[in-house]
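**Student:** Have a look at the structure that comes next, please.
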Amino acid sequence: MEVDVDTLSNMIEGMATTSGTSPGPSSARLQENGGSTSAEDEEEPLPQGWEMKVDGNGRRYYVDHNSRTTAWSRPKPLPTGWEQRQDPRGRPYYVDHNSRTTTWQRPTTENVLEFQCWRRQLSDNQEANRVNLENR
């Protein structure tokens, strides 16, 4: 059975009003996205397909209309050149159009930069080894 996220959100908010419980993300549906609450992060636009809502207690939560999930933490946008897709079983994976590779792990700008630094160091070490072998 497929349920529209807006319909689900409205149902949850309605239940919260009558039961006094919070309509935010349930622990079963909560996904960690490395969100932050700093003022400068709040100014960044949400990734495509995401929406911020407020529960009955005034707490912010985020709806991912792509995967039909919710999260308490604000999602960080994907690095430039990356895209989230879903496999036939509905599992999210990430496409790096820069290197034409895929991964199951959600990339962050920080870990992409670390990987690029590691690749440069590896390339530099290989070049130094090649030069040393030629000079023998």
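How things are named: the first chain in the structure tokens is A, the next is B, and so on; residues count from 1 in each chain; ligands count from 1 in the order shown.
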If you run DSSP over the backbone, which residues in range 37-82 of chain A end up strand (DSSP E)? Put them as JSON, numbers by chain.

**Tutor:** {"A": [50, 51, 52, 53, 54, 60, 61, 62, 63, 64, 69, 70, 71, 82]}

**Student:** So which residues touch range 109-111 of chain A within 10 Å, counting only C-alpha atoms, skipping near sequence neighbours fewer than 4 positions away, as a list in words?

**Tutor:**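 After dropping sequence-adjacent residues, the list is Lys76, Pro77, Leu78, Pro79, Thr80, Phe115, Gln116 and Cys117 of chain A.
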
**Student:** Can you measure CA of Gln126 in chain A to CA of Thr101 in chain A for me? One decimal in Å is fine.

**Tutor:**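 Result for CA of Gln126 in chain A versus CA of Thr101 in chain A: 22.5 Å, one decimal.
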
**Student:** Give me, please, the distance in Å between CA of Glu114 in chain A and CA of Glu127 in chain A, quoted to one decimal.

**Tutor:**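 Distance reported for this atom pair: 20.0 Å.
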
**Student:** Could you list, as a VMD selection string, every residue within 8 Å of His65 in chain A, counting only C-alpha atoms and ignoring same-chain residues fewer than 4 positions away?

**Tutor:** chain A and resid 5 49 to 51 69

**Student:** Residues of the last selection are to be written out with N, CA and C atoms, as a PDB file, in the first residue's frame.

**Tutor:**
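Now in part_17.pdb:
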ATOM      1  N   VAL A   5       2.977  11.236   1.331  1.00  0.00           N
ATOM      2  CA  VAL A   5       3.641  11.808   2.504  1.00  0.00           C
ATOM      3  C   VAL A   5       2.807  12.923   3.124  1.00  0.00           C
ATOM      4  N   GLY A  49      13.318  17.891  -3.143  1.00  0.00           N
ATOM      5  CA  GLY A  49      12.380  16.891  -2.644  1.00  0.00           C
ATOM      6  C   GLY A  49      12.189  16.905  -1.137  1.00  0.00           C
ATOM      7  N   TRP A  50      12.908  17.777  -0.421  1.00  0.00           N
ATOM      8  CA  TRP A  50      12.793  17.865   1.038  1.00  0.00           C
ATOM      9  C   TRP A  50      11.931  19.061   1.412  1.00  0.00           C
ATOM     10  N   GLU A  51      11.275  18.961   2.565  1.00  0.00           N
ATOM     11  CA  GLU A  51      10.439  20.031   3.075  1.00  0.00           C
ATOM     12  C   GLU A  51      10.562  20.072   4.600  1.00  0.00           C
ATOM     13  N   THR A  69      10.372   9.431   3.792  1.00  0.00           N
ATOM     14  CA  THR A  69      10.838   9.274   5.167  1.00  0.00           C
ATOM     15  C   THR A  69      10.901  10.649   5.824  1.00  0.00           C
TER      16      THR A  69
END

**Student:** If I take CA of Trp118 in chain A and CA of Ser99 in chain A, how far is one from the other in Å, to one decimal?

**Tutor:**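 According to the coordinates, CA of Trp118 in chain A and CA of Ser99 in chain A are separated by 14.9 Å.
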
**Student:** Between A:Arg120, A:Gly81, A:Pro92, A:Val131, which has the minimum distance to Arg68 in chain A (counting only C-alpha atoms)?

**Tutor:**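 Once distances to Arg68 in chain A are computed over only C-alpha atoms, the minimum belongs to A:Pro92.
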
**Student:** If you count only C-alpha atoms, which residues fall within 12 Å of Arg106 in chain A, apart from same-chain ones fewer than 2 positions away, as a list in words?

**Tutor:**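 Result of the neighbour search: Gln31, Glu32, Asn33, Gly34, Pro75, Lys76, Pro77, Leu78, Pro79, Trp82, Glu83, Gln84, Arg85, Arg91, Pro92, Tyr93, Tyr94, Val95, Asp96, Thr102, Thr103, Trp104, Thr108, Thr109, Glu110, Asn111 and Val112 of chain A.
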